[in-house]
Amino acid sequence: MKDNIILIGFMGAGKTSVGQELSSRYGKMLVDTDCLIEEKAGMSISRIFADKGEAYFRQLETGVLTDLLERAGSTVISVGGGLPMREENRAILRELGEVIYLQVKPETVLERLKGDTTRPLLQGDHVEQKVKDLMDLRGPVYEEAAHRIVRVDKRSLKEIAEEIYGSGGQE
Ligand code: S3P
């Protein structure tokens with residue numbers, strides 16, 4: 001197993017923000033699978049979903065994740081909310097390092113993503129129901145994929161970062 005820290009969790013859990021906090025606080029390089037995909041495809045996630053469809057996006061996710069196995073470790077890796085849903089991806093995640101599930105409540109997600117236009121799966125009507133249904137489906141899978149669970153509701157980035165590194169993370 002490599003020595004990366006991998007952040008998984010639902011959209012709006014703060015994977016990118018927590019990743020940035022860990023990166024600046026502990027001097028780790030930060031990699032974000034959504035950014036890698038946008039660079040590789042030369043278009044935004046929304047455009048990929050609209051033009052090529054979700055299945056194509058999921059292929060790109062597995063591709064960039066596999067590429068990360070070739071990189072040196074000691075990196076913080078933030079992955080898209082749907083990425084751990086493929087079993088194949090979960091195996092790669094655990095090979096990459098310590099998988100940390102940032103657990104968030106639906107109300108926090110709804111508050112944070114109010115007005116967001118960048119998540120194709122949460123557009124249109126009945127967003128509350130969409131969040132609930134997806135969370136019910138994904139929660140147990142995130143738990144299965146993770147080595148550790150860190151709750152994020154009503155907590156500062158500092159607190160979350162310190163919990164991650166203060167209890168067994170590699171400094
Ligand atoms: C998705 C989450 C998004 C992005 C895409 C699909 C998902 O990433 O990968 O919109 O299926 O949950 P974030 O979790 O960073 O928002």
# chains A, B, ... in the order shown; residues from 1 in each chain; ligands from 1
>>> select_by_dssp(residues="stretch 65-120 of chain A", states="alpha helix (DSSP H)", output="ChimeraX atom specification")
/A:65-68,87-96,106-112
>>> write_last_selection(atoms="N, CA and C atoms", output="tab-separated table (two decimals), in the first residue's frame")
chain	number	residue	atom	x	y	z
A	65	LEU	N	-7.57	7.33	-12.04
A	65	LEU	CA	-7.25	6.67	-10.77
A	65	LEU	C	-6.13	5.65	-10.97
A	66	THR	N	-6.21	4.90	-12.03
A	66	THR	CA	-5.18	3.91	-12.33
A	66	THR	C	-3.84	4.60	-12.57
A	67	ASP	N	-3.86	5.72	-13.27
A	67	ASP	CA	-2.62	6.48	-13.52
A	67	ASP	C	-1.95	6.89	-12.21
A	68	LEU	N	-2.76	7.15	-11.18
A	68	LEU	CA	-2.20	7.61	-9.90
A	68	LEU	C	-1.33	6.54	-9.24
A	87	GLU	N	-16.42	-1.20	-7.85
A	87	GLU	CA	-15.61	-2.07	-7.00
A	87	GLU	C	-14.13	-2.01	-7.39
A	88	GLU	N	-13.91	-2.00	-8.68
A	88	GLU	CA	-12.55	-1.91	-9.21
A	88	GLU	C	-11.84	-0.66	-8.68
A	89	ASN	N	-12.57	0.43	-8.60
A	89	ASN	CA	-11.98	1.67	-8.10
A	89	ASN	C	-11.68	1.57	-6.60
A	90	ARG	N	-12.56	0.89	-5.87
A	90	ARG	CA	-12.33	0.77	-4.42
A	90	ARG	C	-11.04	0.00	-4.14
A	91	ALA	N	-10.79	-1.01	-4.95
A	91	ALA	CA	-9.55	-1.78	-4.77
A	91	ALA	C	-8.34	-0.87	-5.03
A	92	ILE	N	-8.43	-0.04	-6.05
A	92	ILE	CA	-7.30	0.86	-6.37
A	92	ILE	C	-7.13	1.89	-5.25
A	93	LEU	N	-8.25	2.42	-4.76
A	93	LEU	CA	-8.17	3.42	-3.68
A	93	LEU	C	-7.38	2.87	-2.50
A	94	ARG	N	-7.67	1.65	-2.13
A	94	ARG	CA	-7.01	1.07	-0.95
A	94	ARG	C	-5.55	0.72	-1.23
A	95	GLU	N	-5.23	0.55	-2.48
A	95	GLU	CA	-3.82	0.34	-2.84
A	95	GLU	C	-3.05	1.66	-2.76
A	96	LEU	N	-3.78	2.74	-3.03
A	96	LEU	CA	-3.14	4.06	-3.06
A	96	LEU	C	-2.77	4.59	-1.68
A	106	PRO	N	-27.16	15.19	4.95
A	106	PRO	CA	-27.82	15.75	3.76
A	106	PRO	C	-28.07	17.25	3.89
A	107	GLU	N	-28.46	17.70	5.10
A	107	GLU	CA	-28.78	19.13	5.24
A	107	GLU	C	-27.55	20.01	4.99
A	108	THR	N	-26.39	19.51	5.38
A	108	THR	CA	-25.15	20.28	5.13
A	108	THR	C	-24.87	20.35	3.63
A	109	VAL	N	-25.08	19.23	2.95
A	109	VAL	CA	-24.86	19.20	1.50
A	109	VAL	C	-25.80	20.19	0.81
A	110	LEU	N	-27.07	20.15	1.21
A	110	LEU	CA	-28.06	21.03	0.56
A	110	LEU	C	-27.72	22.49	0.79
A	111	GLU	N	-27.28	22.80	1.99
A	111	GLU	CA	-26.89	24.16	2.32
A	111	GLU	C	-25.67	24.60	1.49
A	112	ARG	N	-24.69	23.73	1.45
A	112	ARG	CA	-23.46	24.09	0.74
A	112	ARG	C	-23.63	24.16	-0.77
>>> residues_near_ligand(ligand="ligand 1", cutoff="6 Å", atoms="only C-alpha atoms and all ligand atoms", output="PyMOL selection string")
chain A and resi 10-12+34+80-82+119-120
>>> write_last_selection(atoms="all heavy atoms", output="mmCIF file, in the first residue's frame")
data_model
loop_
_atom_site.group_PDB
_atom_site.id
_atom_site.type_symbol
_atom_site.label_atom_id
_atom_site.label_comp_id
_atom_site.auth_asym_id
_atom_site.auth_seq_id
_atom_site.Cartn_x
_atom_site.Cartn_y
_atom_site.Cartn_z
ATOM 1 N N PHE A 10 -19.466 12.193 -0.119
ATOM 2 C CA PHE A 10 -20.515 12.743 -0.981
ATOM 3 C C PHE A 10 -20.141 14.128 -1.504
ATOM 4 O O PHE A 10 -19.315 14.827 -0.896
ATOM 5 C CB PHE A 10 -21.823 12.822 -0.176
ATOM 6 C CG PHE A 10 -23.048 12.829 -1.040
ATOM 7 C CD1 PHE A 10 -23.505 11.649 -1.611
ATOM 8 C CD2 PHE A 10 -23.726 14.012 -1.297
ATOM 9 C CE1 PHE A 10 -24.628 11.650 -2.431
ATOM 10 C CE2 PHE A 10 -24.852 14.029 -2.114
ATOM 11 C CZ PHE A 10 -25.306 12.849 -2.677
ATOM 12 N N MET A 11 -20.788 14.507 -2.601
ATOM 13 C CA MET A 11 -20.637 15.879 -3.114
ATOM 14 C C MET A 11 -20.942 16.870 -1.990
ATOM 15 O O MET A 11 -21.934 16.708 -1.281
ATOM 16 C CB MET A 11 -21.641 16.124 -4.262
ATOM 17 C CG MET A 11 -21.346 15.337 -5.512
ATOM 18 S SD MET A 11 -22.700 15.423 -6.730
ATOM 19 C CE MET A 11 -23.729 14.035 -6.209
ATOM 20 N N GLY A 12 -20.098 17.869 -1.840
ATOM 21 C CA GLY A 12 -20.348 18.872 -0.808
ATOM 22 C C GLY A 12 -19.796 18.482 0.558
ATOM 23 O O GLY A 12 -19.944 19.239 1.524
ATOM 24 N N ASP A 34 -11.270 14.970 -10.278
ATOM 25 C CA ASP A 34 -12.107 15.758 -11.201
ATOM 26 C C ASP A 34 -11.241 16.718 -12.025
ATOM 27 O O ASP A 34 -11.484 16.903 -13.224
ATOM 28 C CB ASP A 34 -13.166 16.556 -10.431
ATOM 29 C CG ASP A 34 -14.333 15.676 -9.981
ATOM 30 O OD1 ASP A 34 -14.499 14.576 -10.540
ATOM 31 O OD2 ASP A 34 -15.070 16.093 -9.073
ATOM 32 N N GLY A 80 -13.807 12.255 -6.853
ATOM 33 C CA GLY A 80 -15.217 12.582 -7.079
ATOM 34 C C GLY A 80 -16.135 11.674 -6.263
ATOM 35 O O GLY A 80 -15.797 10.515 -5.996
ATOM 36 N N GLY A 81 -17.303 12.204 -5.899
ATOM 37 C CA GLY A 81 -18.223 11.492 -5.011
ATOM 38 C C GLY A 81 -18.691 10.135 -5.512
ATOM 39 O O GLY A 81 -19.013 9.252 -4.718
ATOM 40 N N GLY A 82 -18.733 9.963 -6.837
ATOM 41 C CA GLY A 82 -19.239 8.705 -7.371
ATOM 42 C C GLY A 82 -18.157 7.677 -7.626
ATOM 43 O O GLY A 82 -18.449 6.505 -7.893
ATOM 44 N N ARG A 119 -22.615 20.323 -10.577
ATOM 45 C CA ARG A 119 -22.786 18.880 -10.340
ATOM 46 C C ARG A 119 -23.982 18.373 -11.149
ATOM 47 O O ARG A 119 -25.134 18.544 -10.728
ATOM 48 C CB ARG A 119 -23.055 18.592 -8.854
ATOM 49 C CG ARG A 119 -21.824 18.334 -7.999
ATOM 50 C CD ARG A 119 -21.197 19.506 -7.559
ATOM 51 N NE ARG A 119 -20.153 19.288 -6.550
ATOM 52 C CZ ARG A 119 -19.602 20.320 -5.937
ATOM 53 N NH1 ARG A 119 -19.983 21.556 -6.213
ATOM 54 N NH2 ARG A 119 -18.644 20.119 -5.059
ATOM 55 N N PRO A 120 -23.716 17.713 -12.260
ATOM 56 C CA PRO A 120 -24.809 17.273 -13.137
ATOM 57 C C PRO A 120 -25.843 16.402 -12.430
ATOM 58 O O PRO A 120 -27.026 16.439 -12.782
ATOM 59 C CB PRO A 120 -24.089 16.456 -14.223
ATOM 60 C CG PRO A 120 -22.669 16.851 -14.162
ATOM 61 C CD PRO A 120 -22.388 17.348 -12.786
#
>>> closest_atom_pairs(of="stretch 58-120 of chain A", to="stretch 17-22 of chain A", cutoff="8 Å", atoms="only C-alpha atoms", output="JSON lines")
{"residue": "A:Val76", "atom": "CA", "partner": "A:Gly19", "partner_atom": "CA", "distance": 6.2}
{"residue": "A:Ile77", "atom": "CA", "partner": "A:Gly19", "partner_atom": "CA", "distance": 7.2}
{"residue": "A:Ser78", "atom": "CA", "partner": "A:Gly19", "partner_atom": "CA", "distance": 6.4}
>>> write_last_selection(atoms="C-alpha atoms", output="PDB file, in the first residue's frame")
ATOM      1  CA  VAL A  76      -3.419  14.015  -0.694  1.00  0.00           C
ATOM      2  CA  ILE A  77      -5.876  12.676  -3.258  1.00  0.00           C
ATOM      3  CA  SER A  78      -9.419  13.987  -3.416  1.00  0.00           C
TER       4      SER A  78
END
>>> atom_distance(atom1="atom CA of A:Lys52", atom2="atom CA of A:Ile37")
13.1 Å
>>> atom_distance(atom1="atom CA of A:Glu38", atom2="atom CA of A:Glu61")
10.4 Å
>>> select_by_dssp(residues="chain A", states="strand (DSSP E)", output="CSV table (one decimal) with N, CA, C and O atoms, in the first residue's frame")
chain,number,residue,atom,x,y,z
A,4,ASN,N,-0.3,7.5,0.4
A,4,ASN,CA,-1.2,8.7,0.1
A,4,ASN,C,-2.3,8.8,1.2
A,4,ASN,O,-2.6,7.8,1.8
A,5,ILE,N,-2.9,9.9,1.2
A,5,ILE,CA,-4.2,10.1,2.0
A,5,ILE,C,-5.2,10.3,0.9
A,5,ILE,O,-5.1,11.2,0.1
A,6,ILE,N,-6.3,9.5,1.0
A,6,ILE,CA,-7.3,9.6,-0.1
A,6,ILE,C,-8.6,10.0,0.6
A,6,ILE,O,-9.1,9.4,1.6
A,7,LEU,N,-9.2,11.1,0.1
A,7,LEU,CA,-10.5,11.6,0.7
A,7,LEU,C,-11.6,11.2,-0.2
A,7,LEU,O,-11.7,11.5,-1.4
A,8,ILE,N,-12.6,10.5,0.4
A,8,ILE,CA,-13.8,10.1,-0.3
A,8,ILE,C,-15.0,10.7,0.4
A,8,ILE,O,-14.9,11.0,1.6
A,29,MET,N,1.4,17.5,-1.5
A,29,MET,CA,0.9,17.8,-2.8
A,29,MET,C,-0.6,17.3,-2.8
A,29,MET,O,-0.9,16.3,-2.2
A,30,LEU,N,-1.4,18.1,-3.5
A,30,LEU,CA,-2.8,17.8,-3.6
A,30,LEU,C,-3.2,17.4,-5.1
A,30,LEU,O,-2.9,18.1,-6.0
A,31,VAL,N,-3.9,16.3,-5.2
A,31,VAL,CA,-4.4,15.9,-6.5
A,31,VAL,C,-5.9,15.6,-6.4
A,31,VAL,O,-6.4,15.1,-5.5
A,32,ASP,N,-6.6,16.1,-7.4
A,32,ASP,CA,-8.1,16.0,-7.4
A,32,ASP,C,-8.5,15.3,-8.7
A,32,ASP,O,-8.1,15.7,-9.8
A,75,THR,N,1.0,12.0,-1.2
A,75,THR,CA,0.1,13.0,-1.8
A,75,THR,C,-1.3,12.9,-1.1
A,75,THR,O,-1.7,11.9,-0.6
A,76,VAL,N,-2.0,14.0,-1.1
A,76,VAL,CA,-3.4,14.0,-0.7
A,76,VAL,C,-4.2,13.9,-2.0
A,76,VAL,O,-4.1,14.7,-2.9
A,77,ILE,N,-5.1,12.9,-2.0
A,77,ILE,CA,-5.9,12.7,-3.3
A,77,ILE,C,-7.4,12.8,-2.9
A,77,ILE,O,-7.9,12.1,-2.1
A,78,SER,N,-8.0,13.8,-3.6
A,78,SER,CA,-9.4,14.0,-3.4
A,78,SER,C,-10.1,13.4,-4.6
A,78,SER,O,-9.7,13.7,-5.8
A,97,GLY,N,-3.5,4.1,-0.6
A,97,GLY,CA,-3.1,4.6,0.7
A,97,GLY,C,-4.3,4.5,1.7
A,97,GLY,O,-5.2,3.7,1.5
A,98,GLU,N,-4.2,5.4,2.6
A,98,GLU,CA,-5.3,5.4,3.7
A,98,GLU,C,-6.5,6.2,3.2
A,98,GLU,O,-6.5,7.3,2.8
A,99,VAL,N,-7.6,5.4,3.1
A,99,VAL,CA,-8.9,6.0,2.6
A,99,VAL,C,-9.7,6.6,3.7
A,99,VAL,O,-10.1,5.9,4.7
A,100,ILE,N,-10.0,7.9,3.6
A,100,ILE,CA,-10.7,8.6,4.7
A,100,ILE,C,-12.1,9.0,4.1
A,100,ILE,O,-12.1,9.8,3.1
A,101,TYR,N,-13.1,8.6,4.8
A,101,TYR,CA,-14.5,8.9,4.4
A,101,TYR,C,-14.9,10.2,5.1
A,101,TYR,O,-15.1,10.1,6.3
A,102,LEU,N,-15.1,11.3,4.4
A,102,LEU,CA,-15.6,12.5,5.0
A,102,LEU,C,-17.1,12.4,5.0
A,102,LEU,O,-17.8,12.5,4.0
A,103,GLN,N,-17.7,12.1,6.2
A,103,GLN,CA,-19.1,11.8,6.3
A,103,GLN,C,-19.9,13.1,6.6
A,103,GLN,O,-19.5,13.9,7.5
A,148,ARG,N,-11.1,4.8,7.5
A,148,ARG,CA,-11.5,5.7,8.7
A,148,ARG,C,-12.6,6.6,8.2
A,148,ARG,O,-12.7,7.0,7.1
A,149,ILE,N,-13.5,6.9,9.2
A,149,ILE,CA,-14.6,7.8,8.9
A,149,ILE,C,-14.4,9.1,9.8
A,149,ILE,O,-14.1,9.0,11.0
A,150,VAL,N,-14.5,10.2,9.1
A,150,VAL,CA,-14.3,11.5,9.8
A,150,VAL,C,-15.6,12.3,9.5
A,150,VAL,O,-15.9,12.6,8.4
A,151,ARG,N,-16.3,12.7,10.6
A,151,ARG,CA,-17.5,13.5,10.4
A,151,ARG,C,-17.1,15.0,10.2
A,151,ARG,O,-16.2,15.5,10.8
>>> residues_around(residues="stretch 136-143 of chain A", least_positions_apart="4", cutoff="7 Å", atoms="only C-alpha atoms", output="ChimeraX atom specification")
/A:9,84-85,101,132
>>> write_last_selection(atoms="N, CA and C atoms", output="JSON list (two decimals), in the first residue's frame")
[["chain", "number", "residue", "atom", "x", "y", "z"],
["A", 9, "GLY", "N", -16.16, 10.73, -0.26],
["A", 9, "GLY", "CA", -17.37, 11.19, 0.39],
["A", 9, "GLY", "C", -18.30, 11.84, -0.61],
["A", 84, "PRO", "N", -15.96, 5.96, -5.78],
["A", 84, "PRO", "CA", -15.84, 4.70, -5.02],
["A", 84, "PRO", "C", -16.95, 3.70, -5.32],
["A", 85, "MET", "N", -17.93, 4.07, -6.15],
["A", 85, "MET", "CA", -19.03, 3.16, -6.40],
["A", 85, "MET", "C", -18.64, 1.97, -7.26],
["A", 101, "TYR", "N", -13.12, 8.57, 4.77],
["A", 101, "TYR", "CA", -14.48, 8.92, 4.35],
["A", 101, "TYR", "C", -14.92, 10.16, 5.13],
["A", 132, "LYS", "N", -30.89, 12.59, -0.93],
["A", 132, "LYS", "CA", -31.22, 11.53, 0.01],
["A", 132, "LYS", "C", -31.05, 10.15, -0.63]]
